[in-house]
Structure formats: structure tokens, C-alpha cells
file my_file_32.cif (mmCIF, C-alpha atoms and all ligand atoms; chains and numbers go by the auth columns)
data_model
loop_
_atom_site.group_PDB
_atom_site.id
_atom_site.type_symbol
_atom_site.label_atom_id
_atom_site.label_comp_id
_atom_site.label_asym_id
_atom_site.label_seq_id
_atom_site.Cartn_x
_atom_site.Cartn_y
_atom_site.Cartn_z
_atom_site.B_iso_or_equiv
_atom_site.auth_seq_id
_atom_site.auth_asym_id
ATOM 1 C CA MET A 1 0.000 0.000 0.000 0.00 288 A
ATOM 2 C CA PHE A 2 2.810 2.439 0.957 0.00 289 A
ATOM 3 C CA MET A 3 5.350 3.244 -1.762 0.00 290 A
ATOM 4 C CA ARG A 4 7.682 5.462 0.250 0.00 291 A
ATOM 5 C CA ILE A 5 7.829 8.000 3.038 0.00 292 A
ATOM 6 C CA ASP A 6 6.648 11.159 1.263 0.00 293 A
ATOM 7 C CA HIS A 7 7.429 13.526 4.109 0.00 294 A
ATOM 8 C CA VAL A 8 7.954 14.040 7.806 0.00 295 A
ATOM 9 C CA GLY A 9 5.996 17.050 9.069 0.00 296 A
ATOM 10 C CA ILE A 10 7.655 19.190 11.740 0.00 297 A
ATOM 11 C CA ALA A 11 5.704 21.753 13.762 0.00 298 A
ATOM 12 C CA CYS A 12 7.489 25.032 14.431 0.00 299 A
ATOM 13 C CA HIS A 13 6.760 28.533 15.717 0.00 300 A
ATOM 14 C CA ASP A 14 8.791 30.391 13.087 0.00 301 A
ATOM 15 C CA LEU A 15 8.868 28.939 9.556 0.00 302 A
ATOM 16 C CA GLU A 16 11.568 31.264 8.190 0.00 303 A
ATOM 17 C CA GLU A 17 13.895 30.564 11.109 0.00 304 A
ATOM 18 C CA LYS A 18 13.450 26.763 10.760 0.00 305 A
ATOM 19 C CA ILE A 19 13.950 26.868 6.970 0.00 306 A
ATOM 20 C CA ALA A 20 17.247 28.721 7.491 0.00 307 A
ATOM 21 C CA PHE A 21 18.301 26.127 10.103 0.00 308 A
ATOM 22 C CA PHE A 22 17.580 23.106 7.849 0.00 309 A
ATOM 23 C CA GLU A 23 19.212 24.756 4.836 0.00 310 A
ATOM 24 C CA ARG A 24 22.453 25.639 6.569 0.00 311 A
ATOM 25 C CA THR A 25 22.691 22.502 8.754 0.00 312 A
ATOM 26 C CA PHE A 26 21.709 19.803 6.240 0.00 313 A
ATOM 27 C CA ASP A 27 22.203 21.554 2.886 0.00 314 A
ATOM 28 C CA LEU A 28 18.532 21.058 1.986 0.00 315 A
ATOM 29 C CA THR A 29 16.639 23.227 -0.482 0.00 316 A
ATOM 30 C CA VAL A 30 13.083 24.549 -0.282 0.00 317 A
ATOM 31 C CA VAL A 31 11.195 23.419 -3.402 0.00 318 A
ATOM 32 C CA ALA A 32 7.678 24.617 -2.509 0.00 319 A
ATOM 33 C CA ARG A 33 5.893 26.944 -0.113 0.00 320 A
ATOM 34 C CA GLU A 34 2.179 27.319 0.463 0.00 321 A
ATOM 35 C CA VAL A 35 -0.423 28.756 2.780 0.00 322 A
ATOM 36 C CA ASN A 36 -3.101 26.071 3.224 0.00 323 A
ATOM 37 C CA GLU A 37 -6.116 27.756 4.865 0.00 324 A
ATOM 38 C CA GLU A 38 -8.120 24.523 5.087 0.00 325 A
ATOM 39 C CA GLN A 39 -5.325 22.857 7.117 0.00 326 A
ATOM 40 C CA GLY A 40 -4.482 26.035 9.055 0.00 327 A
ATOM 41 C CA VAL A 41 -0.809 26.057 8.094 0.00 328 A
ATOM 42 C CA LYS A 42 1.929 27.936 6.322 0.00 329 A
ATOM 43 C CA GLU A 43 4.295 25.237 5.071 0.00 330 A
ATOM 44 C CA ALA A 44 7.545 24.644 3.193 0.00 331 A
ATOM 45 C CA MET A 45 8.850 21.457 1.556 0.00 332 A
ATOM 46 C CA LEU A 46 12.584 20.707 1.628 0.00 333 A
ATOM 47 C CA HIS A 47 13.628 18.100 -0.920 0.00 334 A
ATOM 48 C CA ILE A 48 15.518 14.999 0.273 0.00 335 A
ATOM 49 C CA ALA A 49 15.379 12.433 -2.570 0.00 336 A
ATOM 50 C CA ASP A 50 13.340 11.116 -5.477 0.00 337 A
ATOM 51 C CA GLY A 51 11.481 7.808 -5.230 0.00 338 A
ATOM 52 C CA GLU A 52 8.722 5.662 -6.678 0.00 339 A
ATOM 53 C CA GLY A 53 5.694 7.831 -7.446 0.00 340 A
ATOM 54 C CA GLY A 54 7.271 11.052 -6.163 0.00 341 A
ATOM 55 C CA GLY A 55 9.927 12.597 -3.954 0.00 342 A
ATOM 56 C CA SER A 56 10.568 12.588 -0.245 0.00 343 A
ATOM 57 C CA TYR A 57 10.695 15.741 1.833 0.00 344 A
ATOM 58 C CA ILE A 58 10.826 17.411 5.200 0.00 345 A
ATOM 59 C CA GLN A 59 7.699 19.535 5.643 0.00 346 A
ATOM 60 C CA LEU A 60 8.026 22.500 7.993 0.00 347 A
ATOM 61 C CA LEU A 61 4.698 23.703 9.422 0.00 348 A
ATOM 62 C CA GLU A 62 3.856 27.005 11.094 0.00 349 A
ATOM 63 C CA PRO A 63 0.261 27.359 12.354 0.00 350 A
ATOM 64 C CA LEU A 64 -1.994 30.128 11.020 0.00 351 A
ATOM 65 C CA GLY A 65 -3.471 30.471 14.523 0.00 352 A
ATOM 66 C CA PRO A 66 -3.760 28.768 17.935 0.00 353 A
ATOM 67 C CA ASP A 67 -7.039 26.999 17.087 0.00 354 A
ATOM 68 C CA THR A 68 -5.591 24.863 14.280 0.00 355 A
ATOM 69 C CA PRO A 69 -4.170 21.315 14.375 0.00 356 A
ATOM 70 C CA VAL A 70 -0.552 22.541 14.439 0.00 357 A
ATOM 71 C CA GLY A 71 -1.346 25.460 16.786 0.00 358 A
ATOM 72 C CA LYS A 72 -2.899 23.080 19.325 0.00 359 A
ATOM 73 C CA PHE A 73 -0.007 20.623 18.947 0.00 360 A
ATOM 74 C CA LEU A 74 2.569 23.356 19.644 0.00 361 A
ATOM 75 C CA ALA A 75 0.686 24.535 22.738 0.00 362 A
ATOM 76 C CA LYS A 76 0.450 20.987 24.097 0.00 363 A
ATOM 77 C CA ARG A 77 3.772 19.434 23.062 0.00 364 A
ATOM 78 C CA GLY A 78 6.040 22.167 21.711 0.00 365 A
ATOM 79 C CA GLU A 79 8.081 21.998 18.499 0.00 366 A
ATOM 80 C CA GLY A 80 8.846 18.594 16.978 0.00 367 A
ATOM 81 C CA VAL A 81 7.637 15.802 14.689 0.00 368 A
ATOM 82 C CA HIS A 82 3.931 16.350 14.002 0.00 369 A
ATOM 83 C CA HIS A 83 3.135 13.668 11.404 0.00 370 A
ATOM 84 C CA VAL A 84 4.563 11.091 9.010 0.00 371 A
ATOM 85 C CA ALA A 85 3.189 11.001 5.455 0.00 372 A
ATOM 86 C CA PHE A 86 3.271 7.907 3.232 0.00 373 A
ATOM 87 C CA GLY A 87 3.035 7.945 -0.557 0.00 374 A
ATOM 88 C CA VAL A 88 0.177 5.822 -1.925 0.00 375 A
ATOM 89 C CA PRO A 89 -0.934 5.292 -5.530 0.00 376 A
ATOM 90 C CA ASP A 90 -4.579 6.177 -4.787 0.00 377 A
ATOM 91 C CA VAL A 91 -5.639 7.977 -1.564 0.00 378 A
ATOM 92 C CA ALA A 92 -9.380 7.299 -1.975 0.00 379 A
ATOM 93 C CA ARG A 93 -8.766 3.573 -2.350 0.00 380 A
ATOM 94 C CA ALA A 94 -6.279 3.517 0.562 0.00 381 A
ATOM 95 C CA LEU A 95 -8.876 5.263 2.774 0.00 382 A
ATOM 96 C CA GLU A 96 -11.436 2.620 1.904 0.00 383 A
ATOM 97 C CA GLU A 97 -9.061 -0.219 2.680 0.00 384 A
ATOM 98 C CA ILE A 98 -7.707 1.264 5.907 0.00 385 A
ATOM 99 C CA GLY A 99 -11.152 2.412 7.107 0.00 386 A
ATOM 100 C CA GLY A 100 -12.382 -1.142 6.539 0.00 387 A
ATOM 101 C CA LYS A 101 -9.818 -2.292 9.099 0.00 388 A
ATOM 102 C CA GLY A 102 -11.401 -0.108 11.779 0.00 389 A
ATOM 103 C CA ILE A 103 -8.850 2.722 11.801 0.00 390 A
ATOM 104 C CA ARG A 104 -10.522 6.119 12.363 0.00 391 A
ATOM 105 C CA LEU A 105 -10.218 8.357 9.311 0.00 392 A
ATOM 106 C CA LEU A 106 -9.866 12.097 10.000 0.00 393 A
ATOM 107 C CA ASP A 107 -10.784 12.731 6.346 0.00 394 A
ATOM 108 C CA GLU A 108 -13.507 10.726 4.623 0.00 395 A
ATOM 109 C CA LYS A 109 -12.266 11.909 1.244 0.00 396 A
ATOM 110 C CA PRO A 110 -8.993 13.356 -0.108 0.00 397 A
ATOM 111 C CA ARG A 111 -8.180 17.033 0.456 0.00 398 A
ATOM 112 C CA HIS A 112 -5.773 19.450 -1.165 0.00 399 A
ATOM 113 C CA GLY A 113 -2.139 19.049 -0.040 0.00 400 A
ATOM 114 C CA SER A 114 1.282 20.459 -0.804 0.00 401 A
ATOM 115 C CA MET A 115 2.446 20.707 -4.434 0.00 402 A
ATOM 116 C CA GLY A 116 -0.919 19.699 -5.908 0.00 403 A
ATOM 117 C CA SER A 117 -1.120 16.413 -3.993 0.00 404 A
ATOM 118 C CA SER A 118 -4.245 14.741 -2.558 0.00 405 A
ATOM 119 C CA ILE A 119 -3.989 14.022 1.158 0.00 406 A
ATOM 120 C CA ALA A 120 -5.907 12.423 4.041 0.00 407 A
ATOM 121 C CA PHE A 121 -5.144 11.819 7.718 0.00 408 A
ATOM 122 C CA LEU A 122 -5.591 8.817 10.052 0.00 409 A
ATOM 123 C CA HIS A 123 -6.226 9.229 13.777 0.00 410 A
ATOM 124 C CA PRO A 124 -2.947 9.061 15.749 0.00 411 A
ATOM 125 C CA LYS A 125 -4.559 7.065 18.563 0.00 412 A
ATOM 126 C CA ASP A 126 -5.283 4.221 16.113 0.00 413 A
ATOM 127 C CA VAL A 127 -1.772 4.229 14.626 0.00 414 A
ATOM 128 C CA GLY A 128 0.417 3.767 17.683 0.00 415 A
ATOM 129 C CA GLY A 129 0.429 7.464 18.605 0.00 416 A
ATOM 130 C CA MET A 130 1.607 8.649 15.166 0.00 417 A
ATOM 131 C CA LEU A 131 -0.507 11.124 13.199 0.00 418 A
ATOM 132 C CA THR A 132 -0.417 9.471 9.762 0.00 419 A
ATOM 133 C CA GLU A 133 -0.973 11.186 6.424 0.00 420 A
ATOM 134 C CA LEU A 134 -1.595 9.516 3.065 0.00 421 A
ATOM 135 C CA VAL A 135 -0.310 11.371 -0.008 0.00 422 A
ATOM 136 C CA GLN A 136 -1.106 10.858 -3.667 0.00 423 A
ATOM 137 C CA ALA A 137 1.193 12.817 -5.962 0.00 424 A
ATOM 138 C CA PRO A 138 -0.655 14.866 -8.631 0.00 425 A
ATOM 139 C CA ASP A 139 0.474 12.633 -11.516 0.00 426 A
ATOM 140 C CA GLN A 140 -0.608 9.379 -9.803 0.00 427 A
ATOM 141 C CA GLY A 141 -3.851 7.489 -10.498 0.00 428 A
ATOM 142 C CA GLN A 142 -7.048 8.960 -11.988 0.00 429 A
HETATM 143 C C1 LIG B . -2.927 15.177 18.703 0.00 501 A
HETATM 144 N N1 LIG B . -2.513 14.011 19.233 0.00 501 A
HETATM 145 C C2 LIG B . -1.441 13.593 18.553 0.00 501 A
HETATM 146 C C3 LIG B . -1.198 14.601 17.576 0.00 501 A
HETATM 147 N N2 LIG B . -2.148 15.555 17.698 0.00 501 A
HETATM 148 N N3 LIG B . -0.673 12.503 18.663 0.00 501 A
HETATM 149 C C4 LIG B . 0.363 12.389 17.817 0.00 501 A
HETATM 150 N N4 LIG B . 0.664 13.317 16.851 0.00 501 A
HETATM 151 C C5 LIG B . -0.097 14.423 16.708 0.00 501 A
HETATM 152 N N5 LIG B . 0.192 15.317 15.780 0.00 501 A
HETATM 153 C C6 LIG B . -3.121 13.273 20.344 0.00 501 A
HETATM 154 C C7 LIG B . -3.397 14.194 21.524 0.00 501 A
HETATM 155 O O1 LIG B . -2.256 14.288 22.346 0.00 501 A
HETATM 156 C C8 LIG B . -4.551 13.505 22.203 0.00 501 A
HETATM 157 O O2 LIG B . -4.081 12.462 22.999 0.00 501 A
HETATM 158 C C9 LIG B . -5.330 12.898 21.039 0.00 501 A
HETATM 159 O O3 LIG B . -4.389 12.783 19.956 0.00 501 A
HETATM 160 C C10 LIG B . -6.489 13.752 20.587 0.00 501 A
HETATM 161 O O4 LIG B . -5.999 15.036 20.414 0.00 501 A
HETATM 162 P P1 LIG B . -6.800 16.333 20.836 0.00 501 A
HETATM 163 O O5 LIG B . -5.845 17.297 21.413 0.00 501 A
HETATM 164 O O6 LIG B . -7.973 15.960 21.630 0.00 501 A
HETATM 165 O O7 LIG B . -7.392 16.765 19.480 0.00 501 A
HETATM 166 P P2 LIG B . -7.007 17.885 18.504 0.00 501 A
HETATM 167 O O8 LIG B . -8.189 18.784 18.439 0.00 501 A
HETATM 168 O O9 LIG B . -5.668 18.492 18.793 0.00 501 A
HETATM 169 O O10 LIG B . -6.913 17.075 17.136 0.00 501 A
HETATM 170 C C11 LIG B . -5.923 16.153 16.871 0.00 501 A
HETATM 171 C C12 LIG B . -6.110 15.673 15.410 0.00 501 A
HETATM 172 C C13 LIG B . -6.058 16.924 14.505 0.00 501 A
HETATM 173 C C14 LIG B . -4.977 14.693 15.113 0.00 501 A
HETATM 174 C C15 LIG B . -7.464 14.966 15.304 0.00 501 A
HETATM 175 O O11 LIG B . -4.824 17.596 14.690 0.00 501 A
HETATM 176 C C16 LIG B . -6.259 16.631 13.050 0.00 501 A
HETATM 177 O O12 LIG B . -7.363 16.447 12.570 0.00 501 A
HETATM 178 N N6 LIG B . -5.147 16.607 12.239 0.00 501 A
HETATM 179 C C17 LIG B . -5.211 16.373 10.805 0.00 501 A
HETATM 180 C C18 LIG B . -4.965 17.618 10.003 0.00 501 A
HETATM 181 C C19 LIG B . -3.595 18.232 10.253 0.00 501 A
HETATM 182 O O13 LIG B . -2.892 17.860 11.170 0.00 501 A
HETATM 183 N N7 LIG B . -3.232 19.247 9.396 0.00 501 A
HETATM 184 C C20 LIG B . -1.955 19.963 9.537 0.00 501 A
HETATM 185 C C21 LIG B . -0.921 19.407 8.623 0.00 501 A
HETATM 186 P P3 LIG B . -4.249 12.457 24.592 0.00 501 A
HETATM 187 O O14 LIG B . -3.549 13.700 25.056 0.00 501 A
HETATM 188 O O15 LIG B . -5.736 12.492 24.777 0.00 501 A
HETATM 189 O O16 LIG B . -3.620 11.174 25.032 0.00 501 A
HETATM 190 S S1 LIG B . -1.276 19.916 6.963 0.00 501 A
HETATM 191 C C22 LIG B . -0.262 19.013 5.898 0.00 501 A
HETATM 192 O O17 LIG B . 0.460 18.085 6.402 0.00 501 A
HETATM 193 C C23 LIG B . -0.301 19.348 4.543 0.00 501 A
HETATM 194 C C24 LIG B . -1.087 20.480 4.009 0.00 501 A
HETATM 195 C C25 LIG B . 0.461 18.529 3.554 0.00 501 A
HETATM 196 O O18 LIG B . 1.153 17.586 3.923 0.00 501 A
HETATM 197 O O19 LIG B . 0.365 18.850 2.340 0.00 501 A
HETATM 198 CO CO CO B . 1.939 16.861 5.655 0.00 502 A
#

call {"tool": "encode", "arguments": {"input": "my_file_32.cif", "output": "C-alpha cells"}}
result
Amino acid sequence: MFMRIDHVGIACHDLEEKIAFFERTFDLTVVAREVNEEQGVKEAMLHIADGEGGGSYIQLLEPLGPDTPVGKFLAKRGEGVHHVAFGVPDVARALEEIGGKGIRLLDEKPRHGSMGSSIAFLHPKDVGGMLTELVQAPDQGQ
């Protein structure tokens, strides 16, 4: 079902400061930036490698406000790993399969994600404490 790790999402207070840190420490490059109102984030993707069905990235996330998923996470836990995202060939189909196994889906259908992708989240409490994201790259499926 999973083709690769698409990205690791990291919650931070100051996106520009964290981008500068990752660029100078690990020689990574920002390949996309976006404000995603629906998800309540300002985010940046730093490219790591290319793989089957798409690349792999670090995703830096700054909340648009305190009452957003990342805003609440920062208040409760502070900066750090927020979610792990897996590349799948077809998010809608993966949701059906995974939902059928009794895992709570936070999204019943795919939503808009970074770089034109389709994304959906699984409840962290049903996945060993890890907020899990499914990602379908824009050129996959359909
Ligand atoms: C909350 N919990 C987590 C967690 N967030 N556990 C692991 N990782 C996280 N990130 C735990 C929390 O400590 C609670 O456990 C329990 O889950 C329920 O949390 P809550 O505080 O009651 O609920 P909320 O209101 O904070 O909601 C948590 C969920 C929410 C996960 C339901 O954040 C959500 O719907 N997230 C999906 C959307 C999202 O995260 N978007 C931002 C990334 P205890 O304390 O009761 O034991 S956007 C993105 O990645 C994009 C655009 C992209 O990739 O393209
Ligand atoms: Co993400």
C-alpha cells in the first residue's frame, strides 16, 4: 500500500527561522511553499530524494493560529515531529481499505495538499500514537 515515506511534518513557531536552520545545517533546499487555509498552516517542503511515485521531503509547518491542528499541537507538546506522510498510488482507495480495518479516518475523502497532492489523515490514537498522512502525488492514479 505504501510506496515510500513522502514527508515528515515538523511543527514550528517560526517557519523562516526553521527553513534557514535546515538549509544551513543539512544543505537542503526549499522546493515549494504554500499557505493552506483549510489545514491552518503555512508550510515549506525541503527536498531529500526522489522515489517511486514522487519525492521525499521534510515539511516545515507554522500554524496560522492557535485553534488549528498545528497550533494546538505546539501549545500541548512544543516543536517537533507532528506527522509522518506515506506515498500511496490512490488515496481514496487507501482510505477505503484502511477504514475497513477499523482505523478512524480524520478525512472521509482526499483534500488538497502540498504541491498539488491529494492528502488524508488517520487518527494518531489508532496508529500507535503517530498522526499518519496519506499522499497521492498529482500525476498518480485517476
Ligand atoms: C494530537 N494528538 C497527537 C497529535 N495531535 N498525537 C500524535 N501526533 C499528533 N500530531 C493526540 C493528543 O495528544 C490527544 O491524545 C489525542 O491525539 C487527541 O488530540 P486532541 O488534542 O484531543 O485533538 P485535537 O483537536 O488536537 O486534534 C488532533 C487531530 C487533529 C490529530 C485529530 O490535529 C487533526 O485532525 N489533524 C489532521 C490535520 C492536520 O494535522 N493538518 C496539519 C498538517 P491524549 O492527550 O488524549 O492522550 S497539513 C499538511 O500536512 C499538509 C497540508 C500537507 O502535507 O500537504
Ligand atoms: Co503533511

call {"tool": "closest_residue", "arguments": {"input": "my_file_32.cif", "among": "A:Ala298, A:Ala336, A:Val378, A:Ile306", "to": "ligand LIG 501 (chain A)", "atoms": "all atoms listed in the file"}}
result
A:Ala298

call {"tool": "resolve_selection", "arguments": {"input": "my_file_32.cif", "expression": "the PyMOL selection byres (((not hetatm)) within 7 of (chain A and resi 501))", "output": "PyMOL selection string"}}
result
chain A and resi 296+323+326-328+356-357+359-360+369-370+393+400-401+404+406+408+410-412+416-418

call {"tool": "residues_around", "arguments": {"input": "my_file_32.cif", "residues": "Gly403 (chain A)", "least_positions_apart": "4", "cutoff": "12 Å", "atoms": "all atoms listed in the file", "output": "JSON, numbers by chain"}}
result
{"A": [319, 320, 321, 323, 341, 397, 398, 399, 422, 423, 424, 425, 426, 427]}

call {"tool": "resolve_selection", "arguments": {"input": "my_file_32.cif", "expression": "the PyMOL selection byres (((chain A and resi 349) around 6) and not hetatm)", "output": "NGL selection string"}}
result
:A and (299-300 or 302 or 328-329 or 348 or 350)

call {"tool": "residues_around", "arguments": {"input": "my_file_32.cif", "residues": "Phe373 (chain A)", "least_positions_apart": "2", "cutoff": "9 Å", "atoms": "only C-alpha atoms", "output": "list in words"}}
result
Phe289, Met290, Arg291, Ile292, Asp293, His294, Val295, Val371, Val375, Thr419, Glu420, Leu421, Val422 and Gln423 of chain A

call {"tool": "resolve_selection", "arguments": {"input": "my_file_32.cif", "expression": "the PyMOL selection byres (((chain A and resi 392) around 9) and not hetatm)", "output": "PyMOL selection string"}}
result
chain A and resi 382+385-386+389-391+393-395+407-410

call {"tool": "write_last_selection", "arguments": {"input": "my_file_32.cif", "atoms": "C-alpha atoms", "output": "mmCIF file, keeping the file's coordinate frame"}}
result
data_model
loop_
_atom_site.group_PDB
_atom_site.id
_atom_site.type_symbol
_atom_site.label_atom_id
_atom_site.label_comp_id
_atom_site.auth_asym_id
_atom_site.auth_seq_id
_atom_site.Cartn_x
_atom_site.Cartn_y
_atom_site.Cartn_z
ATOM 1 C CA LEU A 382 -8.876 5.263 2.774
ATOM 2 C CA ILE A 385 -7.707 1.264 5.907
ATOM 3 C CA GLY A 386 -11.152 2.412 7.107
ATOM 4 C CA GLY A 389 -11.401 -0.108 11.779
ATOM 5 C CA ILE A 390 -8.850 2.722 11.801
ATOM 6 C CA ARG A 391 -10.522 6.119 12.363
ATOM 7 C CA LEU A 393 -9.866 12.097 10.000
ATOM 8 C CA ASP A 394 -10.784 12.731 6.346
ATOM 9 C CA GLU A 395 -13.507 10.726 4.623
ATOM 10 C CA ALA A 407 -5.907 12.423 4.041
ATOM 11 C CA PHE A 408 -5.144 11.819 7.718
ATOM 12 C CA LEU A 409 -5.591 8.817 10.052
ATOM 13 C CA HIS A 410 -6.226 9.229 13.777
#

call {"tool": "closest_residue", "arguments": {"input": "my_file_32.cif", "among": "A:Met288, A:Leu315, A:Leu351, A:Ala331", "to": "ligand CO 502 (chain A)", "atoms": "only C-alpha atoms and all ligand atoms"}}
result
A:Ala331

call {"tool": "atom_distance", "arguments": {"input": "my_file_32.cif", "atom1": "CA of Glu384 (chain A)", "atom2": "CA of Gln346 (chain A)"}}
result
26.1 Å

call {"tool": "atom_distance", "arguments": {"input": "my_file_32.cif", "atom1": "CA of Thr316 (chain A)", "atom2": "CA of Met332 (chain A)"}}
result
8.2 Å

call {"tool": "atom_distance", "arguments": {"input": "my_file_32.cif", "atom1": "CA of Thr355 (chain A)", "atom2": "CA of Glu330 (chain A)"}}
result
13.5 Å

call {"tool": "closest_residue", "arguments": {"input": "my_file_32.cif", "among": "A:Leu347, A:Val322, A:Phe313, A:Ile335", "to": "ligand CO 502 (chain A)", "atoms": "all atoms listed in the file"}}
result
A:Leu347

call {"tool": "closest_residue", "arguments": {"input": "my_file_32.cif", "among": "A:Gly352, A:Met402, A:Ala307, A:Glu366", "to": "ligand CO 502 (chain A)", "atoms": "all atoms listed in the file"}}
result
A:Met402

call {"tool": "closest_residue", "arguments": {"input": "my_file_32.cif", "among": "A:Thr312, A:Ser405, A:Val317, A:Asp301", "to": "ligand CO 502 (chain A)", "atoms": "all atoms listed in the file"}}
result
A:Ser405

call {"tool": "closest_residue", "arguments": {"input": "my_file_32.cif", "among": "A:Ala362, A:Leu333, A:Lys388, A:Asp413", "to": "Lys305 (chain A)", "atoms": "all atoms listed in the file"}}
result
A:Leu333

call {"tool": "axis_aligned_box", "arguments": {"input": "my_file_32.cif", "around": "region 339-358 of chain A", "padding_each_side": "4 Å", "output": "JSON"}}
result
{"center_x": 1.9, "center_y": 18.1, "center_z": 5.2, "size_x": 25.9, "size_y": 32.8, "size_z": 33.4}

call {"tool": "build_atoms", "arguments": {"input": "my_file_32.cif", "residues": "region 384-395 of chain A", "atoms": "N, CA and C atoms", "output": "JSON list (two decimals), in the frame of the given file"}}
result
[["chain", "number", "residue", "atom", "x", "y", "z"],
["A", 384, "GLU", "N", -9.69, 1.00, 2.15],
["A", 384, "GLU", "CA", -9.06, -0.22, 2.68],
["A", 384, "GLU", "C", -8.75, -0.07, 4.16],
["A", 385, "ILE", "N", -8.15, 1.05, 4.52],
["A", 385, "ILE", "CA", -7.71, 1.26, 5.91],
["A", 385, "ILE", "C", -8.93, 1.45, 6.82],
["A", 386, "GLY", "N", -9.92, 2.21, 6.34],
["A", 386, "GLY", "CA", -11.15, 2.41, 7.11],
["A", 386, "GLY", "C", -11.85, 1.09, 7.38],
["A", 387, "GLY", "N", -11.78, 0.19, 6.41],
["A", 387, "GLY", "CA", -12.38, -1.14, 6.54],
["A", 387, "GLY", "C", -11.73, -1.98, 7.62],
["A", 388, "LYS", "N", -10.53, -1.57, 8.03],
["A", 388, "LYS", "CA", -9.82, -2.29, 9.10],
["A", 388, "LYS", "C", -10.08, -1.66, 10.47],
["A", 389, "GLY", "N", -11.00, -0.68, 10.50],
["A", 389, "GLY", "CA", -11.40, -0.11, 11.78],
["A", 389, "GLY", "C", -10.56, 1.06, 12.26],
["A", 390, "ILE", "N", -9.66, 1.54, 11.44],
["A", 390, "ILE", "CA", -8.85, 2.72, 11.80],
["A", 390, "ILE", "C", -9.71, 3.97, 11.58],
["A", 391, "ARG", "N", -9.74, 4.89, 12.55],
["A", 391, "ARG", "CA", -10.52, 6.12, 12.36],
["A", 391, "ARG", "C", -9.88, 7.03, 11.33],
["A", 392, "LEU", "N", -10.69, 7.45, 10.35],
["A", 392, "LEU", "CA", -10.22, 8.36, 9.31],
["A", 392, "LEU", "C", -10.57, 9.79, 9.73],
["A", 393, "LEU", "N", -9.59, 10.69, 9.69],
["A", 393, "LEU", "CA", -9.87, 12.10, 10.00],
["A", 393, "LEU", "C", -10.45, 12.80, 8.77],
["A", 394, "ASP", "N", -10.20, 12.23, 7.60],
["A", 394, "ASP", "CA", -10.78, 12.73, 6.35],
["A", 394, "ASP", "C", -11.48, 11.58, 5.66],
["A", 395, "GLU", "N", -12.76, 11.77, 5.32],
["A", 395, "GLU", "CA", -13.51, 10.73, 4.62],
["A", 395, "GLU", "C", -13.13, 10.69, 3.15]]
